[in-house]
>>> print(open('entry-v2.txt').read())   # compact mmCIF, N, CA and C atoms
# COMPACT_ATOMS: atom_id res chain seq x y z
N MET A 80 6.44 -27.71 5.82
CA MET A 80 7.46 -26.67 5.99
C MET A 80 7.19 -25.91 7.27
N ASP A 81 8.24 -25.56 7.95
CA ASP A 81 8.18 -24.82 9.19
C ASP A 81 7.68 -23.40 8.94
N LYS A 82 6.66 -22.99 9.69
CA LYS A 82 6.07 -21.67 9.48
C LYS A 82 6.99 -20.53 9.89
N THR A 83 8.10 -20.83 10.56
CA THR A 83 9.05 -19.79 10.89
C THR A 83 10.00 -19.52 9.72
N HIS A 84 9.84 -20.29 8.67
CA HIS A 84 10.67 -20.12 7.47
C HIS A 84 10.51 -18.70 6.95
N THR A 85 11.54 -18.19 6.33
CA THR A 85 11.51 -16.79 5.88
C THR A 85 10.44 -16.51 4.83
N ASN A 86 9.87 -17.54 4.19
CA ASN A 86 8.76 -17.30 3.26
C ASN A 86 7.54 -16.79 4.00
N TYR A 87 7.53 -16.98 5.30
CA TYR A 87 6.41 -16.52 6.11
C TYR A 87 6.82 -15.31 6.95
N SER A 88 7.83 -14.60 6.51
CA SER A 88 8.30 -13.44 7.25
C SER A 88 7.23 -12.33 7.23
N PRO A 89 7.28 -11.44 8.20
CA PRO A 89 6.34 -10.32 8.20
C PRO A 89 6.39 -9.49 6.91
N ALA A 90 7.56 -9.34 6.32
CA ALA A 90 7.67 -8.55 5.09
C ALA A 90 6.96 -9.23 3.92
N VAL A 91 7.07 -10.56 3.84
CA VAL A 91 6.38 -11.30 2.78
C VAL A 91 4.87 -11.17 2.96
N TRP A 92 4.41 -11.36 4.20
CA TRP A 92 2.96 -11.23 4.45
C TRP A 92 2.48 -9.80 4.24
N TYR A 93 3.29 -8.82 4.59
CA TYR A 93 2.93 -7.43 4.34
C TYR A 93 2.74 -7.21 2.84
N ALA A 94 3.70 -7.66 2.03
CA ALA A 94 3.59 -7.49 0.58
C ALA A 94 2.35 -8.19 0.04
N ARG A 95 2.09 -9.40 0.52
CA ARG A 95 0.93 -10.16 0.04
C ARG A 95 -0.39 -9.48 0.41
N ILE A 96 -0.53 -9.18 1.69
CA ILE A 96 -1.81 -8.62 2.16
C ILE A 96 -2.04 -7.22 1.61
N VAL A 97 -1.04 -6.36 1.73
CA VAL A 97 -1.19 -4.99 1.24
C VAL A 97 -1.37 -4.99 -0.28
N GLY A 98 -0.62 -5.86 -0.97
CA GLY A 98 -0.76 -5.95 -2.41
C GLY A 98 -2.15 -6.34 -2.84
N VAL A 99 -2.72 -7.37 -2.22
CA VAL A 99 -4.07 -7.82 -2.58
C VAL A 99 -5.10 -6.75 -2.24
N VAL A 100 -4.98 -6.16 -1.07
CA VAL A 100 -5.95 -5.13 -0.66
C VAL A 100 -5.89 -3.92 -1.59
N LEU A 101 -4.68 -3.46 -1.93
CA LEU A 101 -4.57 -2.31 -2.83
C LEU A 101 -5.06 -2.64 -4.23
N LEU A 102 -4.80 -3.85 -4.68
CA LEU A 102 -5.29 -4.28 -5.99
C LEU A 102 -6.82 -4.27 -6.01
N LEU A 103 -7.43 -4.83 -4.98
CA LEU A 103 -8.90 -4.81 -4.90
C LEU A 103 -9.44 -3.40 -4.78
N ALA A 104 -8.76 -2.55 -4.01
CA ALA A 104 -9.18 -1.15 -3.88
C ALA A 104 -9.13 -0.44 -5.21
N GLY A 105 -8.10 -0.71 -6.00
CA GLY A 105 -7.99 -0.09 -7.32
C GLY A 105 -9.10 -0.56 -8.25
N ILE A 106 -9.40 -1.84 -8.23
CA ILE A 106 -10.47 -2.38 -9.08
C ILE A 106 -11.83 -1.83 -8.66
N LEU A 107 -12.12 -1.89 -7.35
CA LEU A 107 -13.39 -1.34 -6.87
C LEU A 107 -13.47 0.16 -7.12
N GLY A 108 -12.37 0.85 -6.94
CA GLY A 108 -12.35 2.28 -7.20
C GLY A 108 -12.68 2.62 -8.64
N LEU A 109 -12.17 1.82 -9.57
CA LEU A 109 -12.48 2.05 -10.99
C LEU A 109 -13.93 1.74 -11.30
N ILE A 110 -14.53 0.81 -10.59
CA ILE A 110 -15.95 0.53 -10.76
C ILE A 110 -16.78 1.71 -10.26
N ILE A 111 -16.35 2.31 -9.16
CA ILE A 111 -17.08 3.41 -8.54
C ILE A 111 -16.84 4.74 -9.24
N ASN A 112 -15.60 5.00 -9.65
CA ASN A 112 -15.28 6.33 -10.18
C ASN A 112 -14.13 6.27 -11.17
N THR A 113 -14.38 6.77 -12.38
CA THR A 113 -13.33 6.89 -13.38
C THR A 113 -13.06 8.35 -13.73
N SER A 114 -13.58 9.24 -12.92
CA SER A 114 -13.39 10.67 -13.16
C SER A 114 -12.11 11.15 -12.47
N GLN A 115 -11.36 11.97 -13.17
CA GLN A 115 -10.16 12.56 -12.58
C GLN A 115 -10.51 13.78 -11.74
N ASN A 116 -11.59 14.47 -12.09
CA ASN A 116 -11.90 15.76 -11.48
C ASN A 116 -12.93 15.70 -10.37
N ALA A 117 -13.34 14.52 -9.97
CA ALA A 117 -14.31 14.39 -8.88
C ALA A 117 -13.93 13.18 -8.03
N VAL A 118 -14.25 13.25 -6.75
CA VAL A 118 -13.99 12.11 -5.88
C VAL A 118 -15.30 11.41 -5.55
N GLU A 119 -15.19 10.14 -5.32
CA GLU A 119 -16.31 9.34 -4.85
C GLU A 119 -15.80 8.56 -3.64
N PRO A 120 -16.68 8.32 -2.67
CA PRO A 120 -16.23 7.58 -1.49
C PRO A 120 -16.16 6.07 -1.75
N LEU A 121 -15.12 5.45 -1.25
CA LEU A 121 -14.96 4.00 -1.27
C LEU A 121 -14.64 3.60 0.17
N LEU A 122 -15.65 3.10 0.88
CA LEU A 122 -15.51 2.73 2.29
C LEU A 122 -14.97 3.89 3.12
N GLY A 123 -15.45 5.10 2.83
CA GLY A 123 -15.05 6.28 3.59
C GLY A 123 -13.79 6.95 3.08
N LEU A 124 -13.14 6.36 2.09
CA LEU A 124 -11.92 6.91 1.52
C LEU A 124 -12.26 7.56 0.18
N ASP A 125 -11.70 8.72 -0.09
CA ASP A 125 -11.96 9.40 -1.35
C ASP A 125 -11.07 8.84 -2.45
N VAL A 126 -11.67 8.54 -3.60
CA VAL A 126 -10.89 8.03 -4.74
C VAL A 126 -11.27 8.78 -6.00
N ASN A 127 -10.29 8.91 -6.88
CA ASN A 127 -10.52 9.41 -8.23
C ASN A 127 -9.68 8.55 -9.17
N LEU A 128 -9.62 8.88 -10.42
CA LEU A 128 -8.95 8.05 -11.41
C LEU A 128 -7.48 7.81 -11.06
N THR A 129 -6.74 8.87 -10.75
CA THR A 129 -5.33 8.71 -10.42
C THR A 129 -5.15 7.87 -9.17
N HIS A 130 -5.94 8.13 -8.16
CA HIS A 130 -5.87 7.38 -6.91
C HIS A 130 -6.10 5.89 -7.19
N ASN A 131 -7.07 5.59 -8.05
CA ASN A 131 -7.35 4.19 -8.40
C ASN A 131 -6.17 3.54 -9.12
N PHE A 132 -5.54 4.26 -10.03
CA PHE A 132 -4.39 3.70 -10.74
C PHE A 132 -3.19 3.52 -9.82
N VAL A 133 -3.02 4.42 -8.86
CA VAL A 133 -1.94 4.26 -7.87
C VAL A 133 -2.19 2.98 -7.05
N HIS A 134 -3.45 2.78 -6.64
CA HIS A 134 -3.79 1.55 -5.91
C HIS A 134 -3.52 0.32 -6.76
N LEU A 135 -3.93 0.35 -8.02
CA LEU A 135 -3.69 -0.80 -8.91
C LEU A 135 -2.21 -1.09 -9.06
N LEU A 136 -1.43 -0.08 -9.35
CA LEU A 136 0.00 -0.26 -9.57
C LEU A 136 0.71 -0.77 -8.32
N THR A 137 0.44 -0.14 -7.17
CA THR A 137 1.11 -0.57 -5.95
C THR A 137 0.61 -1.95 -5.51
N GLY A 138 -0.64 -2.25 -5.82
CA GLY A 138 -1.16 -3.58 -5.52
C GLY A 138 -0.51 -4.66 -6.38
N ILE A 139 -0.35 -4.39 -7.65
CA ILE A 139 0.31 -5.34 -8.55
C ILE A 139 1.75 -5.58 -8.10
N ILE A 140 2.43 -4.52 -7.74
CA ILE A 140 3.82 -4.65 -7.26
C ILE A 140 3.85 -5.51 -6.00
N GLY A 141 2.96 -5.25 -5.06
CA GLY A 141 2.91 -6.02 -3.82
C GLY A 141 2.61 -7.49 -4.05
N VAL A 142 1.64 -7.79 -4.91
CA VAL A 142 1.30 -9.17 -5.22
C VAL A 142 2.48 -9.86 -5.91
N ALA A 143 3.09 -9.20 -6.86
CA ALA A 143 4.23 -9.80 -7.57
C ALA A 143 5.37 -10.10 -6.61
N ILE A 144 5.67 -9.18 -5.73
CA ILE A 144 6.76 -9.39 -4.78
C ILE A 144 6.37 -10.42 -3.72
N GLY A 145 5.17 -10.31 -3.20
CA GLY A 145 4.73 -11.19 -2.12
C GLY A 145 4.58 -12.65 -2.50
N PHE A 146 4.32 -12.90 -3.79
CA PHE A 146 4.11 -14.28 -4.22
C PHE A 146 5.20 -14.81 -5.14
N TYR A 147 5.92 -13.92 -5.82
CA TYR A 147 6.87 -14.39 -6.84
C TYR A 147 8.30 -13.91 -6.66
N ALA A 148 8.51 -12.74 -6.11
CA ALA A 148 9.86 -12.19 -5.95
C ALA A 148 10.11 -11.94 -4.47
N LEU A 149 10.05 -13.01 -3.69
CA LEU A 149 10.08 -12.91 -2.24
C LEU A 149 11.29 -12.17 -1.69
N ARG A 150 12.42 -12.29 -2.38
CA ARG A 150 13.63 -11.67 -1.85
C ARG A 150 13.52 -10.14 -1.80
N HIS A 151 12.55 -9.57 -2.50
CA HIS A 151 12.37 -8.12 -2.50
C HIS A 151 11.32 -7.66 -1.49
N SER A 152 10.76 -8.59 -0.74
CA SER A 152 9.66 -8.24 0.16
C SER A 152 10.10 -7.27 1.26
N ARG A 153 11.31 -7.44 1.77
CA ARG A 153 11.79 -6.52 2.80
C ARG A 153 11.92 -5.11 2.26
N MET A 154 12.43 -4.98 1.05
CA MET A 154 12.59 -3.65 0.45
C MET A 154 11.22 -3.04 0.16
N TYR A 155 10.28 -3.85 -0.33
CA TYR A 155 8.90 -3.37 -0.56
C TYR A 155 8.32 -2.83 0.74
N ALA A 156 8.44 -3.60 1.83
CA ALA A 156 7.90 -3.18 3.11
C ALA A 156 8.53 -1.87 3.58
N LEU A 157 9.85 -1.76 3.43
CA LEU A 157 10.53 -0.55 3.86
C LEU A 157 10.14 0.65 2.99
N VAL A 158 10.24 0.51 1.69
CA VAL A 158 9.94 1.64 0.80
C VAL A 158 8.49 2.08 0.94
N PHE A 159 7.57 1.12 0.88
CA PHE A 159 6.16 1.50 1.00
C PHE A 159 5.85 2.00 2.40
N GLY A 160 6.50 1.44 3.42
CA GLY A 160 6.30 1.92 4.77
C GLY A 160 6.73 3.37 4.93
N VAL A 161 7.89 3.69 4.42
CA VAL A 161 8.39 5.07 4.52
C VAL A 161 7.52 6.01 3.68
N VAL A 162 7.20 5.62 2.45
CA VAL A 162 6.39 6.48 1.58
C VAL A 162 5.02 6.74 2.19
N TYR A 163 4.35 5.68 2.66
CA TYR A 163 3.03 5.86 3.27
C TYR A 163 3.10 6.70 4.54
N THR A 164 4.13 6.51 5.34
CA THR A 164 4.27 7.30 6.57
C THR A 164 4.48 8.78 6.24
N VAL A 165 5.37 9.05 5.30
CA VAL A 165 5.62 10.44 4.90
C VAL A 165 4.35 11.06 4.31
N LEU A 166 3.66 10.31 3.46
CA LEU A 166 2.41 10.80 2.86
C LEU A 166 1.38 11.11 3.95
N ALA A 167 1.27 10.24 4.95
CA ALA A 167 0.31 10.45 6.03
C ALA A 167 0.65 11.69 6.85
N VAL A 168 1.91 11.82 7.24
CA VAL A 168 2.31 12.97 8.05
C VAL A 168 2.14 14.26 7.26
N TRP A 169 2.56 14.24 6.01
CA TRP A 169 2.40 15.41 5.14
C TRP A 169 0.93 15.77 5.01
N GLY A 170 0.09 14.78 4.77
CA GLY A 170 -1.35 15.02 4.63
C GLY A 170 -1.99 15.54 5.90
N MET A 171 -1.59 14.99 7.04
CA MET A 171 -2.16 15.47 8.31
C MET A 171 -1.72 16.90 8.58
N ALA A 172 -0.52 17.25 8.18
CA ALA A 172 -0.04 18.62 8.37
C ALA A 172 -0.77 19.60 7.45
N GLU A 173 -1.10 19.14 6.25
CA GLU A 173 -1.78 20.00 5.27
C GLU A 173 -3.28 20.12 5.53
N GLY A 174 -3.89 19.11 6.11
CA GLY A 174 -5.32 19.16 6.39
C GLY A 174 -6.14 18.36 5.39
N SER A 175 -7.45 18.58 5.42
CA SER A 175 -8.38 17.74 4.66
C SER A 175 -8.39 18.02 3.16
N ASN A 176 -7.79 19.10 2.72
CA ASN A 176 -7.75 19.37 1.28
C ASN A 176 -6.40 19.02 0.67
N PHE A 177 -5.72 18.06 1.25
CA PHE A 177 -4.41 17.62 0.81
C PHE A 177 -4.48 17.10 -0.62
N ASN A 178 -3.64 17.63 -1.49
CA ASN A 178 -3.62 17.24 -2.89
C ASN A 178 -2.16 17.17 -3.35
N PRO A 179 -1.47 16.07 -3.00
CA PRO A 179 -0.05 16.00 -3.34
C PRO A 179 0.18 15.98 -4.84
N PHE A 180 1.11 16.78 -5.27
CA PHE A 180 1.54 16.81 -6.66
C PHE A 180 0.42 17.17 -7.63
N ASP A 181 -0.69 17.70 -7.14
CA ASP A 181 -1.86 18.06 -7.95
C ASP A 181 -2.35 16.89 -8.81
N LEU A 182 -2.23 15.67 -8.30
CA LEU A 182 -2.70 14.49 -9.03
C LEU A 182 -4.07 14.02 -8.57
N PHE A 183 -4.45 14.42 -7.37
CA PHE A 183 -5.71 13.97 -6.79
C PHE A 183 -6.58 15.19 -6.56
N VAL A 184 -7.87 14.99 -6.48
CA VAL A 184 -8.73 16.10 -6.12
C VAL A 184 -8.51 16.43 -4.65
N ARG A 185 -8.52 15.42 -3.79
CA ARG A 185 -8.16 15.59 -2.39
C ARG A 185 -8.02 14.21 -1.76
N ILE A 186 -7.28 14.16 -0.69
CA ILE A 186 -7.15 12.94 0.09
C ILE A 186 -7.65 13.30 1.48
N ASN A 187 -8.62 12.56 1.99
CA ASN A 187 -9.27 12.93 3.25
C ASN A 187 -8.57 12.35 4.48
N THR A 188 -9.10 12.68 5.65
CA THR A 188 -8.51 12.26 6.92
C THR A 188 -8.47 10.75 7.06
N ALA A 189 -9.51 10.06 6.61
CA ALA A 189 -9.52 8.60 6.68
C ALA A 189 -8.36 8.02 5.87
N ASP A 190 -8.07 8.62 4.72
CA ASP A 190 -6.92 8.20 3.91
C ASP A 190 -5.62 8.39 4.69
N HIS A 191 -5.49 9.53 5.37
CA HIS A 191 -4.27 9.81 6.14
C HIS A 191 -4.06 8.77 7.23
N ILE A 192 -5.13 8.42 7.91
CA ILE A 192 -5.03 7.42 8.99
C ILE A 192 -4.66 6.06 8.41
N LEU A 193 -5.28 5.69 7.30
CA LEU A 193 -4.96 4.41 6.65
C LEU A 193 -3.51 4.41 6.16
N HIS A 194 -3.07 5.50 5.54
CA HIS A 194 -1.69 5.59 5.08
C HIS A 194 -0.71 5.46 6.25
N LEU A 195 -1.03 6.09 7.38
CA LEU A 195 -0.16 6.00 8.54
C LEU A 195 -0.09 4.55 9.05
N ALA A 196 -1.22 3.89 9.11
CA ALA A 196 -1.24 2.49 9.56
C ALA A 196 -0.44 1.60 8.62
N LEU A 197 -0.63 1.78 7.30
CA LEU A 197 0.13 1.00 6.32
C LEU A 197 1.62 1.30 6.42
N GLY A 198 1.95 2.55 6.65
CA GLY A 198 3.35 2.95 6.76
C GLY A 198 4.03 2.34 7.97
N ILE A 199 3.39 2.45 9.11
CA ILE A 199 3.96 1.89 10.33
C ILE A 199 4.06 0.37 10.22
N ALA A 200 3.03 -0.27 9.66
CA ALA A 200 3.06 -1.72 9.48
C ALA A 200 4.19 -2.14 8.54
N GLY A 201 4.41 -1.38 7.48
CA GLY A 201 5.50 -1.69 6.55
C GLY A 201 6.87 -1.57 7.19
N ILE A 202 7.08 -0.53 7.94
CA ILE A 202 8.37 -0.34 8.62
C ILE A 202 8.56 -1.44 9.66
N ALA A 203 7.50 -1.78 10.38
CA ALA A 203 7.59 -2.86 11.38
C ALA A 203 7.87 -4.20 10.71
N ALA A 204 7.20 -4.48 9.59
CA ALA A 204 7.43 -5.74 8.86
C ALA A 204 8.88 -5.81 8.38
N TRP A 205 9.39 -4.71 7.89
CA TRP A 205 10.80 -4.66 7.45
C TRP A 205 11.73 -4.96 8.63
N ALA A 206 11.47 -4.32 9.75
CA ALA A 206 12.35 -4.48 10.92
C ALA A 206 12.30 -5.88 11.50
N MET A 207 11.17 -6.55 11.39
CA MET A 207 11.01 -7.88 11.98
C MET A 207 11.41 -9.02 11.04
N SER A 208 11.81 -8.70 9.82
CA SER A 208 12.12 -9.73 8.83
C SER A 208 13.62 -9.84 8.59
N ARG A 209 14.02 -11.02 8.19
CA ARG A 209 15.42 -11.25 7.83
C ARG A 209 15.59 -11.02 6.34
N ASP A 210 16.84 -10.85 5.91
CA ASP A 210 17.13 -10.60 4.50
C ASP A 210 16.96 -11.82 3.62
N GLU A 211 17.36 -12.99 4.09
CA GLU A 211 17.37 -14.14 3.21
C GLU A 211 15.98 -14.79 3.14
N VAL A 212 15.57 -15.13 1.93
CA VAL A 212 14.29 -15.75 1.67
C VAL A 212 14.49 -16.91 0.71
N ASN A 213 13.86 -18.03 1.00
CA ASN A 213 13.91 -19.18 0.10
C ASN A 213 12.81 -19.01 -0.94
N GLU A 214 13.17 -18.80 -2.18
CA GLU A 214 12.20 -18.53 -3.25
C GLU A 214 11.46 -19.79 -3.70
N ARG A 215 11.91 -20.97 -3.33
CA ARG A 215 11.32 -22.19 -3.85
C ARG A 215 9.93 -22.47 -3.32
N ALA A 216 9.69 -22.25 -2.07
CA ALA A 216 8.41 -22.62 -1.47
C ALA A 216 7.59 -21.39 -1.19
N VAL A 217 6.51 -21.23 -1.90
CA VAL A 217 5.65 -20.06 -1.72
C VAL A 217 4.45 -20.44 -0.91
>>> encode(input="entry-v2.txt", output="structure tokens")
Amino acid sequence: MDKTHTNYSPAVWYARIVGVVLLLAGILGLIINTSQNAVEPLLGLDVNLTHNFVHLLTGIIGVAIGFYALRHSRMYALVFGVVYTVLAVWGMAEGSNFNPFDLFVRINTADHILHLALGIAGIAAWAMSRDEVNERAV
């Protein structure tokens, strides 16, 4: 199969890679910390129970879309790109004690930078991908 096929679009790869990475981050985060009221570092990023579950959920969604529901990969890239970008800008504006919706103890600067990178990559993947995807060949 030709690698320029839409199954290999930037949005599909974004969903696959981000999905797997977030899924692994959620699993590792749960191994490191299951406390809601304290943070533990995971590769320089602060995680707590809610943060770990957010990683698990968004990772599962990314994996499901990236490998099984390819036609939704562009929407995943756009939605997650916008959400991560907004979260990063909001967090950078608030500073190092950023605690959106009072669900996390805090999200640190490294998290903000990672969220910004994921957000920009998602928006770029959306912009560089076409709408039509052949679901048959994964």
>>> residues_around(input="entry-v2.txt", residues="region 131-133 of chain A", least_positions_apart="6", cutoff="8 Å", atoms="all atoms listed in the file", output="PyMOL selection string")
chain A and resi 101-102+104-109+112+125+139
>>> residues_around(input="entry-v2.txt", residues="Asp181 (chain A)", least_positions_apart="5", cutoff="12 Å", atoms="only C-alpha atoms", output="tab-separated table (two decimals) with N, CA and C atoms, in the coordinates of the input")
chain	number	residue	atom	x	y	z
A	115	GLN	N	-11.36	11.97	-13.17
A	115	GLN	CA	-10.16	12.56	-12.58
A	115	GLN	C	-10.51	13.78	-11.74
A	116	ASN	N	-11.59	14.47	-12.09
A	116	ASN	CA	-11.90	15.76	-11.48
A	116	ASN	C	-12.93	15.70	-10.37
A	129	THR	N	-6.74	8.87	-10.75
A	129	THR	CA	-5.33	8.71	-10.42
A	129	THR	C	-5.15	7.87	-9.17
A	130	HIS	N	-5.94	8.13	-8.16
A	130	HIS	CA	-5.87	7.38	-6.91
A	130	HIS	C	-6.10	5.89	-7.19
A	176	ASN	N	-7.79	19.10	2.72
A	176	ASN	CA	-7.75	19.37	1.28
A	176	ASN	C	-6.40	19.02	0.67
A	186	ILE	N	-7.28	14.16	-0.69
A	186	ILE	CA	-7.15	12.94	0.09
A	186	ILE	C	-7.65	13.30	1.48
>>> closest_residue(input="entry-v2.txt", among="A:Ala94, A:Leu166, A:Ala200, A:Leu193", to="Leu124 (chain A)", atoms="only C-alpha atoms")
A:Leu193
>>> atom_distance(input="entry-v2.txt", atom1="atom N of Val162 (chain A)", atom2="atom N of Trp205 (chain A)")
11.9 Å
>>> closest_residue(input="entry-v2.txt", among="A:Gly141, A:Pro179, A:His134, A:Ile110", to="Tyr93 (chain A)", atoms="only N, CA and C atoms")
A:Gly141
>>> atom_distance(input="entry-v2.txt", atom1="atom C of Trp169 (chain A)", atom2="atom N of Arg185 (chain A)")
12.9 Å
>>> closest_residue(input="entry-v2.txt", among="A:Ile96, A:Val118, A:Ile111, A:Val168", to="Thr137 (chain A)", atoms="only C-alpha atoms")
A:Ile96
